[in-house]
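As provided, model_2.txt (compact mmCIF, C-alpha atoms and all ligand atoms) reads as follows.
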# COMPACT_ATOMS: atom_id res chain seq x y z
CA MET K 19 -32.43 -20.29 -7.32
CA GLN K 20 -33.37 -16.71 -7.84
CA GLY K 21 -31.01 -13.77 -8.03
CA ASP K 22 -27.94 -14.73 -6.03
CA LYS K 23 -29.70 -17.12 -3.61
CA ILE K 24 -30.93 -20.69 -3.43
CA THR K 25 -34.73 -20.66 -3.08
CA ASP K 26 -35.27 -24.40 -2.69
CA VAL K 27 -33.46 -27.73 -2.86
CA GLY K 28 -34.66 -31.31 -3.36
CA ALA K 29 -35.71 -34.07 -5.71
CA ASN K 30 -39.35 -33.01 -5.92
CA VAL K 31 -39.14 -29.25 -6.07
CA ALA K 32 -41.80 -27.69 -8.28
CA ILE K 33 -40.15 -25.85 -11.17
CA PRO K 34 -41.62 -22.35 -11.46
CA SER K 35 -42.86 -21.46 -14.93
CA GLY K 36 -40.35 -19.51 -16.98
CA ALA K 37 -37.41 -20.89 -15.00
CA GLN K 38 -34.19 -21.75 -16.83
CA VAL K 39 -33.49 -25.49 -16.51
CA ILE K 40 -29.87 -26.66 -16.59
CA ASP K 41 -29.51 -30.40 -17.11
CA LEU K 42 -26.07 -31.48 -15.92
CA GLY K 43 -26.61 -35.19 -16.64
CA ASP K 44 -24.90 -37.79 -14.43
CA ALA K 45 -23.09 -35.39 -12.15
CA THR K 46 -22.73 -34.70 -8.44
CA LEU K 47 -23.65 -31.24 -7.21
CA SER K 48 -21.68 -29.67 -4.40
CA PRO K 49 -21.52 -26.34 -2.64
CA GLY K 50 -18.73 -24.26 -4.22
CA PHE K 51 -15.40 -25.39 -2.79
CA ILE K 52 -13.53 -23.15 -0.37
CA ASP K 53 -9.74 -23.08 -0.15
CA ALA K 54 -8.66 -21.65 3.20
CA HIS K 55 -5.04 -21.13 2.19
CA THR K 56 -4.18 -19.49 -1.13
CA HIS K 57 -1.90 -16.72 -2.36
CA LEU K 58 -3.54 -15.51 -5.57
CA THR K 59 -1.15 -12.59 -5.88
CA GLY K 60 1.88 -14.89 -5.99
CA ASP K 61 3.23 -17.73 -8.07
CA TYR K 62 6.26 -19.55 -6.74
CA SER K 63 5.65 -22.73 -8.71
CA GLY K 64 8.43 -22.12 -11.23
CA ASN K 65 12.15 -21.69 -10.66
CA TYR K 66 12.74 -20.28 -7.18
CA ASN K 67 15.55 -17.85 -8.00
CA GLU K 68 13.99 -16.76 -11.28
CA ARG K 69 10.82 -15.90 -9.37
CA ARG K 70 12.82 -14.06 -6.73
CA LEU K 71 14.49 -11.88 -9.37
CA LYS K 72 11.17 -11.29 -11.13
CA GLY K 73 9.77 -10.06 -7.82
CA LEU K 74 12.40 -7.34 -7.81
CA GLU K 75 12.07 -6.44 -11.49
CA ASN K 76 8.29 -6.34 -11.92
CA ASN K 77 6.19 -3.26 -11.48
CA VAL K 78 3.23 -3.63 -9.15
CA SER K 79 0.98 -3.33 -12.20
CA ASP K 80 2.77 -6.28 -13.85
CA GLU K 81 2.05 -8.31 -10.75
CA ALA K 82 -1.57 -7.17 -10.76
CA TYR K 83 -2.22 -8.28 -14.35
CA GLU K 84 -0.70 -11.66 -13.59
CA CYS K 85 -3.34 -12.21 -10.92
CA ILE K 86 -6.16 -12.21 -13.48
CA PRO K 87 -5.65 -15.67 -15.04
CA ARG K 88 -4.84 -17.11 -11.60
CA ALA K 89 -8.16 -15.94 -10.20
CA ARG K 90 -9.99 -17.35 -13.21
CA ALA K 91 -8.21 -20.72 -13.01
CA THR K 92 -9.13 -20.97 -9.33
CA ILE K 93 -12.84 -20.34 -9.73
CA GLU K 94 -13.09 -22.51 -12.84
CA ALA K 95 -11.65 -25.36 -10.75
CA GLY K 96 -14.72 -25.05 -8.52
CA PHE K 97 -13.26 -22.87 -5.77
CA THR K 98 -15.79 -20.08 -5.41
CA THR K 99 -14.31 -18.74 -2.14
CA VAL K 100 -10.72 -18.46 -0.93
CA ARG K 101 -9.08 -17.23 2.23
CA ASP K 102 -6.02 -15.58 0.72
CA VAL K 103 -3.43 -15.59 3.47
CA GLY K 104 -0.69 -13.20 2.56
CA SER K 105 0.40 -10.93 -0.25
CA ARG K 106 3.59 -8.93 -0.26
CA ILE K 107 5.75 -7.27 -2.87
CA THR K 108 9.31 -6.60 -1.74
CA ASN K 109 9.80 -3.02 -0.55
CA VAL K 110 6.41 -1.89 -1.86
CA HIS K 111 3.35 -1.17 0.27
CA ASP K 112 0.63 -1.91 -2.27
CA PHE K 113 -2.25 -4.09 -1.13
CA LEU K 114 -2.57 -6.21 -4.24
CA ASP K 115 -4.87 -8.75 -2.59
CA VAL K 116 -7.29 -6.04 -1.43
CA SER K 117 -7.43 -4.62 -4.97
CA LEU K 118 -7.95 -8.08 -6.49
CA ARG K 119 -10.73 -8.86 -3.99
CA ASN K 120 -12.40 -5.54 -4.81
CA ALA K 121 -12.02 -6.01 -8.58
CA ILE K 122 -13.65 -9.45 -8.30
CA ASN K 123 -16.47 -8.03 -6.14
CA ARG K 124 -17.09 -5.30 -8.73
CA GLY K 125 -17.20 -7.85 -11.55
CA LEU K 126 -14.09 -6.49 -13.29
CA VAL K 127 -12.21 -9.76 -12.87
CA GLU K 128 -13.66 -13.29 -12.79
CA GLY K 129 -12.56 -15.03 -9.65
CA PRO K 130 -13.44 -16.48 -6.28
CA ARG K 131 -14.83 -14.41 -3.41
CA MET K 132 -11.72 -13.52 -1.40
CA LEU K 133 -11.07 -13.00 2.28
CA VAL K 134 -7.65 -11.37 2.34
CA ALA K 135 -4.88 -11.04 4.92
CA THR K 136 -2.78 -8.28 3.30
CA HIS K 137 0.92 -8.55 4.22
CA GLY K 138 0.79 -11.06 7.04
CA ILE K 139 2.68 -10.37 10.24
CA GLY K 140 6.05 -11.79 11.19
CA ALA K 141 9.15 -11.14 13.25
CA THR K 142 12.40 -9.52 12.16
CA GLY K 143 14.42 -12.14 10.27
CA GLY K 144 11.51 -14.58 10.30
CA HIS K 145 9.63 -16.41 7.54
CA PHE K 146 7.82 -13.25 6.37
CA ASP K 147 10.79 -10.83 6.51
CA PRO K 148 10.99 -9.77 2.86
CA PHE K 149 14.60 -8.57 3.16
CA ALA K 150 15.99 -11.70 4.82
CA GLY K 151 18.44 -13.40 2.48
CA PHE K 152 19.49 -10.12 0.87
CA ARG K 153 22.53 -8.00 1.85
CA ASP K 154 21.88 -5.85 4.92
CA MET K 155 20.44 -2.44 3.96
CA LEU K 156 20.17 -3.39 0.29
CA PHE K 157 16.75 -1.75 0.38
CA GLY K 158 18.01 1.17 2.45
CA ARG K 159 16.03 0.33 5.56
CA GLU K 160 14.85 -2.49 7.77
CA PRO K 161 11.28 -3.68 7.13
CA ASP K 162 8.77 -2.44 9.71
CA TRP K 163 5.14 -2.83 10.73
CA THR K 164 4.04 -1.23 7.45
CA ASP K 165 5.59 -4.30 5.79
CA GLY K 166 4.01 -6.60 8.39
CA ILE K 167 7.29 -7.02 10.29
CA ALA K 168 6.80 -6.32 13.97
CA ASP K 169 8.46 -7.13 17.27
CA GLY K 170 7.05 -6.82 20.77
CA PRO K 171 3.37 -6.89 21.80
CA GLU K 172 2.82 -3.19 21.02
CA GLY K 173 4.50 -3.49 17.63
CA ILE K 174 2.26 -6.40 16.77
CA ARG K 175 -0.90 -4.56 17.84
CA LYS K 176 0.12 -1.71 15.58
CA ALA K 177 0.72 -4.07 12.65
CA VAL K 178 -2.73 -5.67 13.14
CA ARG K 179 -4.41 -2.25 13.23
CA TYR K 180 -2.53 -1.12 10.14
CA GLU K 181 -3.58 -4.20 8.17
CA VAL K 182 -7.23 -3.91 9.19
CA LYS K 183 -7.13 -0.19 8.32
CA ASN K 184 -5.94 -1.15 4.84
CA GLY K 185 -8.57 -3.81 4.19
CA ALA K 186 -7.58 -7.08 5.87
CA ASP K 187 -10.52 -9.49 6.41
CA VAL K 188 -8.39 -11.96 8.36
CA ILE K 189 -5.06 -11.70 10.17
CA LYS K 190 -2.23 -14.01 9.15
CA ALA K 191 1.01 -14.33 11.05
CA ALA K 192 4.10 -16.53 10.85
CA VAL K 193 4.75 -17.85 14.34
CA SER K 194 7.37 -20.40 13.33
CA GLY K 195 9.94 -20.57 10.56
CA GLY K 196 9.01 -21.70 7.06
CA VAL K 197 10.19 -23.79 4.14
CA LEU K 198 10.54 -21.32 1.26
CA SER K 199 12.47 -18.65 3.22
CA LEU K 200 16.24 -18.50 3.44
CA LYS K 201 17.26 -17.28 6.87
CA ASP K 202 15.01 -19.02 9.39
CA GLU K 203 14.93 -22.55 10.72
CA VAL K 204 11.69 -24.26 9.73
CA ASP K 205 10.45 -25.06 13.25
CA THR K 206 11.81 -22.33 15.55
CA PRO K 207 9.28 -20.13 17.37
CA GLN K 208 9.33 -16.55 16.10
CA PHE K 209 7.06 -14.79 18.57
CA THR K 210 7.08 -14.87 22.35
CA ALA K 211 3.95 -16.00 24.17
CA GLU K 212 3.24 -12.33 24.99
CA GLU K 213 3.53 -11.36 21.33
CA MET K 214 1.10 -14.11 20.33
CA LYS K 215 -1.34 -13.05 23.01
CA ALA K 216 -1.22 -9.48 21.68
CA LEU K 217 -1.71 -10.74 18.11
CA VAL K 218 -4.82 -12.74 18.96
CA ASP K 219 -6.27 -10.21 21.39
CA GLU K 220 -5.97 -7.27 18.99
CA SER K 221 -7.31 -9.26 16.01
CA HIS K 222 -10.29 -10.66 17.91
CA ARG K 223 -11.15 -7.22 19.32
CA LEU K 224 -11.40 -6.06 15.70
CA ARG K 225 -13.50 -9.18 14.93
CA LYS K 226 -10.87 -10.71 12.66
CA LYS K 227 -9.88 -14.34 12.83
CA VAL K 228 -6.24 -15.32 13.13
CA ALA K 229 -4.52 -17.88 10.90
CA VAL K 230 -0.94 -18.70 11.77
CA HIS K 231 1.71 -20.19 9.58
CA CYS K 232 3.35 -22.73 11.89
CA HIS K 233 5.47 -25.83 11.29
CA GLY K 234 7.08 -26.05 14.73
CA ASP K 235 5.57 -27.75 17.76
CA GLN K 236 6.56 -25.24 20.47
CA ALA K 237 5.27 -22.26 18.48
CA ALA K 238 2.03 -24.12 17.80
CA ARG K 239 1.47 -24.89 21.48
CA GLU K 240 1.90 -21.24 22.39
CA ALA K 241 -0.26 -20.04 19.49
CA ILE K 242 -3.08 -22.47 20.35
CA ALA K 243 -2.93 -21.41 23.99
CA ALA K 244 -3.17 -17.78 22.86
CA GLY K 245 -6.38 -18.67 20.99
CA VAL K 246 -5.54 -18.59 17.26
CA ASP K 247 -8.31 -19.83 14.96
CA SER K 248 -6.20 -22.03 12.70
CA ILE K 249 -2.75 -23.53 12.46
CA GLU K 250 -1.50 -23.57 8.86
CA HIS K 251 0.78 -26.48 7.81
CA GLY K 252 1.48 -27.93 11.28
CA SER K 253 4.17 -30.31 9.99
CA PHE K 254 5.91 -31.11 13.29
CA LEU K 255 2.94 -31.04 15.66
CA LYS K 256 3.11 -33.69 18.37
CA PRO K 257 0.06 -35.66 19.55
CA GLU K 258 -0.11 -33.64 22.80
CA THR K 259 -0.29 -30.42 20.79
CA LEU K 260 -2.97 -31.88 18.52
CA THR K 261 -4.91 -32.88 21.62
CA LEU K 262 -4.72 -29.29 22.83
CA MET K 263 -6.07 -28.16 19.43
CA LYS K 264 -8.95 -30.61 19.74
CA SER K 265 -9.88 -29.29 23.18
CA LYS K 266 -9.63 -25.63 22.09
CA GLY K 267 -11.46 -26.23 18.77
CA THR K 268 -8.52 -24.88 16.75
CA TYR K 269 -8.57 -25.79 13.06
CA LEU K 270 -5.66 -27.47 11.29
CA THR K 271 -5.10 -26.45 7.65
CA PRO K 272 -2.65 -29.13 6.51
CA THR K 273 -1.73 -27.85 2.99
CA LEU K 274 -0.49 -31.30 1.96
CA LEU K 275 -0.28 -30.31 -1.69
CA ALA K 276 2.47 -27.73 -1.12
CA ALA K 277 5.11 -30.23 0.02
CA GLU K 278 3.78 -32.80 -2.44
CA TYR K 279 4.53 -30.39 -5.28
CA ILE K 280 7.93 -29.30 -3.99
CA MET K 281 9.41 -32.73 -3.26
CA PRO K 282 9.81 -34.07 -6.83
CA ARG K 283 11.49 -30.76 -7.74
CA VAL K 284 13.36 -30.22 -4.50
CA LYS K 285 16.78 -30.21 -6.18
CA THR K 286 15.81 -27.04 -8.06
CA TYR K 287 15.41 -25.08 -4.79
CA PRO K 288 18.31 -23.44 -2.90
CA PRO K 289 20.11 -25.88 -0.53
CA ALA K 290 18.73 -24.15 2.60
CA VAL K 291 15.20 -24.73 1.31
CA GLN K 292 15.88 -28.34 0.26
CA ALA K 293 16.73 -29.51 3.78
CA LYS K 294 13.72 -27.74 5.31
CA ALA K 295 11.33 -29.10 2.68
CA GLN K 296 12.56 -32.65 3.27
CA ALA K 297 12.19 -32.39 7.04
CA ALA K 298 8.66 -30.95 6.82
CA PHE K 299 7.60 -33.54 4.25
CA ASP K 300 8.97 -36.42 6.35
CA ALA K 301 6.99 -35.28 9.39
CA ARG K 302 3.66 -34.23 7.98
CA SER K 303 2.01 -37.58 7.09
CA GLU K 304 2.26 -38.93 10.61
CA MET K 305 1.10 -35.60 11.99
CA PHE K 306 -1.97 -35.66 9.71
CA ARG K 307 -2.86 -39.25 10.67
CA ASN K 308 -2.53 -38.31 14.35
CA ALA K 309 -4.76 -35.28 13.82
CA LEU K 310 -7.45 -37.54 12.27
CA LYS K 311 -7.15 -40.04 15.11
CA ILE K 312 -7.41 -37.34 17.76
CA GLY K 313 -10.35 -35.70 15.99
CA VAL K 314 -8.84 -32.25 15.32
CA LYS K 315 -11.05 -30.04 13.12
CA ILE K 316 -9.52 -30.11 9.65
CA SER K 317 -9.93 -27.31 7.16
CA PHE K 318 -9.17 -27.58 3.47
CA GLY K 319 -6.27 -25.38 2.38
CA THR K 320 -3.62 -25.92 -0.23
CA ASP K 321 -1.05 -23.08 -0.33
CA ALA K 322 -1.86 -22.42 -3.99
CA ALA K 323 1.03 -20.35 -5.42
CA VAL K 324 3.53 -22.97 -4.26
CA PHE K 325 1.97 -25.04 -7.09
CA PRO K 326 0.12 -23.66 -10.15
CA HIS K 327 -3.22 -22.00 -9.34
CA GLY K 328 -6.25 -24.06 -10.33
CA GLU K 329 -4.82 -27.42 -9.22
CA ASN K 330 -6.23 -26.95 -5.70
CA ALA K 331 -8.53 -30.00 -5.84
CA LYS K 332 -5.55 -32.37 -5.87
CA GLU K 333 -5.48 -31.83 -2.09
CA PHE K 334 -8.59 -34.05 -1.72
CA LYS K 335 -6.82 -37.22 -2.84
CA LEU K 336 -3.82 -36.52 -0.60
CA MET K 337 -6.19 -36.20 2.36
CA THR K 338 -8.03 -39.43 1.61
CA ASP K 339 -4.76 -41.31 0.85
CA LEU K 340 -3.72 -40.48 4.43
CA GLY K 341 -6.92 -41.91 5.87
CA MET K 342 -9.55 -39.18 5.80
CA SER K 343 -12.95 -40.40 4.55
CA PRO K 344 -13.99 -38.88 1.20
CA ILE K 345 -17.11 -37.33 2.73
CA ASP K 346 -15.06 -35.67 5.49
CA ALA K 347 -12.59 -34.38 2.91
CA LEU K 348 -15.49 -32.89 0.91
CA LYS K 349 -16.92 -31.33 4.07
CA SER K 350 -13.53 -29.82 4.94
CA ALA K 351 -13.67 -27.79 1.70
CA THR K 352 -17.31 -26.76 2.19
CA ALA K 353 -19.08 -26.69 5.56
CA SER K 354 -15.90 -26.79 7.71
CA ASP K 355 -14.08 -24.06 5.80
CA ALA K 356 -17.24 -21.93 5.85
CA GLU K 357 -17.25 -22.22 9.64
CA LEU K 358 -13.54 -21.41 9.93
CA LEU K 359 -13.95 -18.37 7.66
CA GLY K 360 -17.01 -17.21 9.58
CA VAL K 361 -19.25 -17.35 6.49
CA SER K 362 -21.37 -20.43 7.30
CA GLN K 363 -24.56 -18.33 7.43
CA LYS K 364 -24.40 -17.83 3.68
CA LEU K 365 -21.97 -20.44 2.28
CA GLY K 366 -20.71 -24.01 2.72
CA THR K 367 -23.90 -26.00 2.06
CA VAL K 368 -26.52 -26.16 -0.70
CA GLU K 369 -29.46 -24.97 1.36
CA LYS K 370 -32.48 -22.73 1.04
CA GLY K 371 -31.57 -19.06 1.61
CA LYS K 372 -27.81 -19.47 1.09
CA LEU K 373 -25.83 -17.87 -1.72
CA ALA K 374 -26.06 -19.87 -4.95
CA ASP K 375 -22.46 -21.10 -5.14
CA VAL K 376 -22.95 -24.49 -6.77
CA ILE K 377 -20.55 -26.69 -8.69
CA ALA K 378 -20.86 -30.04 -10.48
CA MET K 379 -18.43 -32.84 -11.15
CA PRO K 380 -18.83 -36.15 -13.02
CA GLY K 381 -19.61 -39.35 -11.11
CA ASP K 382 -19.64 -39.77 -7.35
CA PRO K 383 -16.67 -38.19 -5.52
CA THR K 384 -17.28 -40.40 -2.47
CA GLN K 385 -16.42 -43.37 -4.74
CA ASP K 386 -13.67 -41.63 -6.73
CA ILE K 387 -12.39 -38.52 -4.98
CA THR K 388 -10.45 -37.43 -8.08
CA GLY K 389 -13.82 -36.44 -9.56
CA THR K 390 -13.22 -33.18 -7.65
CA GLU K 391 -10.38 -32.48 -10.11
CA ARG K 392 -12.85 -32.62 -13.03
CA VAL K 393 -15.37 -29.95 -12.09
CA SER K 394 -17.31 -29.01 -15.23
CA PHE K 395 -19.92 -26.56 -13.96
CA VAL K 396 -19.40 -23.57 -11.69
CA MET K 397 -22.00 -21.09 -10.49
CA LYS K 398 -21.17 -18.23 -8.14
CA GLU K 399 -23.98 -16.21 -6.58
CA GLY K 400 -26.39 -17.47 -9.23
CA LYS K 401 -24.14 -16.56 -12.14
CA ILE K 402 -22.80 -19.33 -14.38
CA ILE K 403 -19.02 -19.02 -14.55
CA ARG K 404 -18.44 -22.20 -16.45
CA ASN K 405 -20.55 -24.95 -18.02
CA GLY K 406 -18.24 -27.20 -20.02
CA PRO K 407 -14.55 -26.94 -20.89
CA ALA K 408 -12.29 -24.59 -18.92
CA THR K 409 -11.04 -21.34 -20.42
CA PRO K 410 -7.51 -21.94 -21.76
CA LEU K 411 -4.80 -20.15 -19.77
CA PRO K 412 -2.68 -17.51 -21.52
CA ALA K 413 0.03 -19.16 -23.62
CA LYS K 414 2.88 -18.25 -21.30
CA THR K 415 2.85 -18.30 -17.54
CA ALA K 416 5.91 -18.67 -15.34
CA ALA K 417 4.71 -21.97 -13.96
CA ARG K 418 4.14 -23.49 -17.36
CA ASP K 419 7.53 -22.45 -18.74
CA VAL K 420 9.30 -24.35 -16.03
CA LEU K 421 7.00 -27.36 -16.13
CA GLU K 422 7.61 -27.68 -19.87
CA GLU K 423 11.35 -27.52 -19.35
CA MET K 424 11.29 -30.09 -16.61
CA GLY K 425 8.80 -32.44 -18.23
CA ALA K 426 5.60 -33.48 -16.57
CA ASP K 427 7.09 -36.38 -14.60
CA PHE K 428 10.17 -34.70 -13.18
ZN ZN I 501 1.03 -20.03 2.46
Here is a file; write its structure as structure tokens.
Ligand SMILES: [Zn+2]
Amino acid sequence: MQGDKITDVGANVAIPSGAQVIDLGDATLSPGFIDAHTHLTGDYSGNYNERRLKGLENNVSDEAYECIPRARATIEAGFTTVRDVGSRITNVHDFLDVSLRNAINRGLVEGPRMLVATHGIGATGGHFDPFAGFRDMLFGREPDWTDGIADGPEGIRKAVRYEVKNGADVIKAAVSGGVLSLKDEVDTPQFTAEEMKALVDESHRLRKKVAVHCHGDQAAREAIAAGVDSIEHGSFLKPETLTLMKSKGTYLTPTLLAAEYIMPRVKTYPPAVQAKAQAAFDARSEMFRNALKIGVKISFGTDAAVFPHGENAKEFKLMTDLGMSPIDALKSATASDAELLGVSQKLGTVEKGKLADVIAMPGDPTQDITGTERVSFVMKEGKIIRNGPATPLPAKTAARDVLEEMGADF
């Protein structure tokens, strides 16, 4: 490679004189991994209520500094690109994800290339409503489109325009309820078909793809019909809905790791969340197997922030345990995600002319997929980020405190 690009690939490539040779020994090279569903500006992996209180106490600048080790942990784990699908600080309009993306692009912070969604768009009282669960008017107002909360087709168009104006690369919306929110049912639709049509139409006019948070089947059917680019989570999707996805070419981002992390700790979440988490977890394995059978396009996305940042690669084993072939799982995090993100011209494969995002892991991940969890070399755009042991995380992070208290096997 030269500069930030790959100039040639192969077993018999002539090494130009004066080139730096990096011998990685018995390792497998891969294009840098892509995670299509992260939240680098959040960390909900510790105690739910403690985190909720911290979100009200922290200054925006506190939150910003906390992003730095998260971004580093993510890239050191081999994830050189992320689609970061939602960032919101209660009752504050800062665009933390845009600033983090820009700081990484300027080389101020080490981290993955980010495609960001800013606030994400949702309905009043829905999964994204930041005031739901608090006393009415506690914050002196109802959230509005400047917070990503919009109702009616025109309101949603305005929210899309506002997010693009402020730096969104991709549009995220919550079209069904969610697990970690307090006032919505996990599978109810939250937008009408007209609202979804407006969401997709306005986003696509502005050449932004649309990723929708969706557990429920009805909401998914309407969102797929409206032309969204990916369904995130998809826990309760029925085979007929998955068949519709297959025919429309809609991606499924299953985020298996999120529920996997929550379930052993489910008793530490509020009761309303416990029941929703259980229901989503019980449904998702069958849904994922059906999606494989039907041949739905699968993207790799984890929901990092629900679990500690940097553990993203654990998703691979969950995918293969449910029947995906290791090579398809590896492709989901490389070539498939590059296509979903619209960056396949420059990323997703190790190929002449593409950006030099290259990682290495020991052994053969098609024989032992957990090799993906032991990435030891990371290069992004020709720059070596890591060659050997990972940088230790700061002594105290919220996630670690709680994990230590609970013990590793809780
Ligand atoms: Zn998420």
Inset, instruction - Report the distance between atom CA of Thr273 of chain K and atom CA of Met305 of chain K in Å, rounded to one decimal place. - result: 12.2 Å
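Pairwise distance (atom CA of Phe254 of chain K, atom CA of Val134 of chain K) equals 26.3 Å.
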Inset, instruction - Please tell me which residues are no farther than 9 Å from (15.9, -27.3, 1.2) in the file, counting only C-alpha atoms, and write them as a PyMOL selection string. - result: chain K and resi 197-198+284-285+287-297
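In terms of minimum interatomic distance to ligand ZN 501 (chain I), K:Ala229 ranks closest within K:Leu200, K:Ala298, K:Ala32, K:Ala229, counting all atoms listed in the file.
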Legend entry - Residue with smallest distance to Ile242 of chain K - pool K:Val228, K:Val393, K:Val324, K:Met263, counting all atoms listed in the file: K:Met263
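If only C-alpha atoms and all ligand atoms are the atoms counted, then among K:Leu156, K:Ala186, K:Leu260, K:Leu274 the closest residue to ligand ZN 501 (chain I) is K:Leu274.
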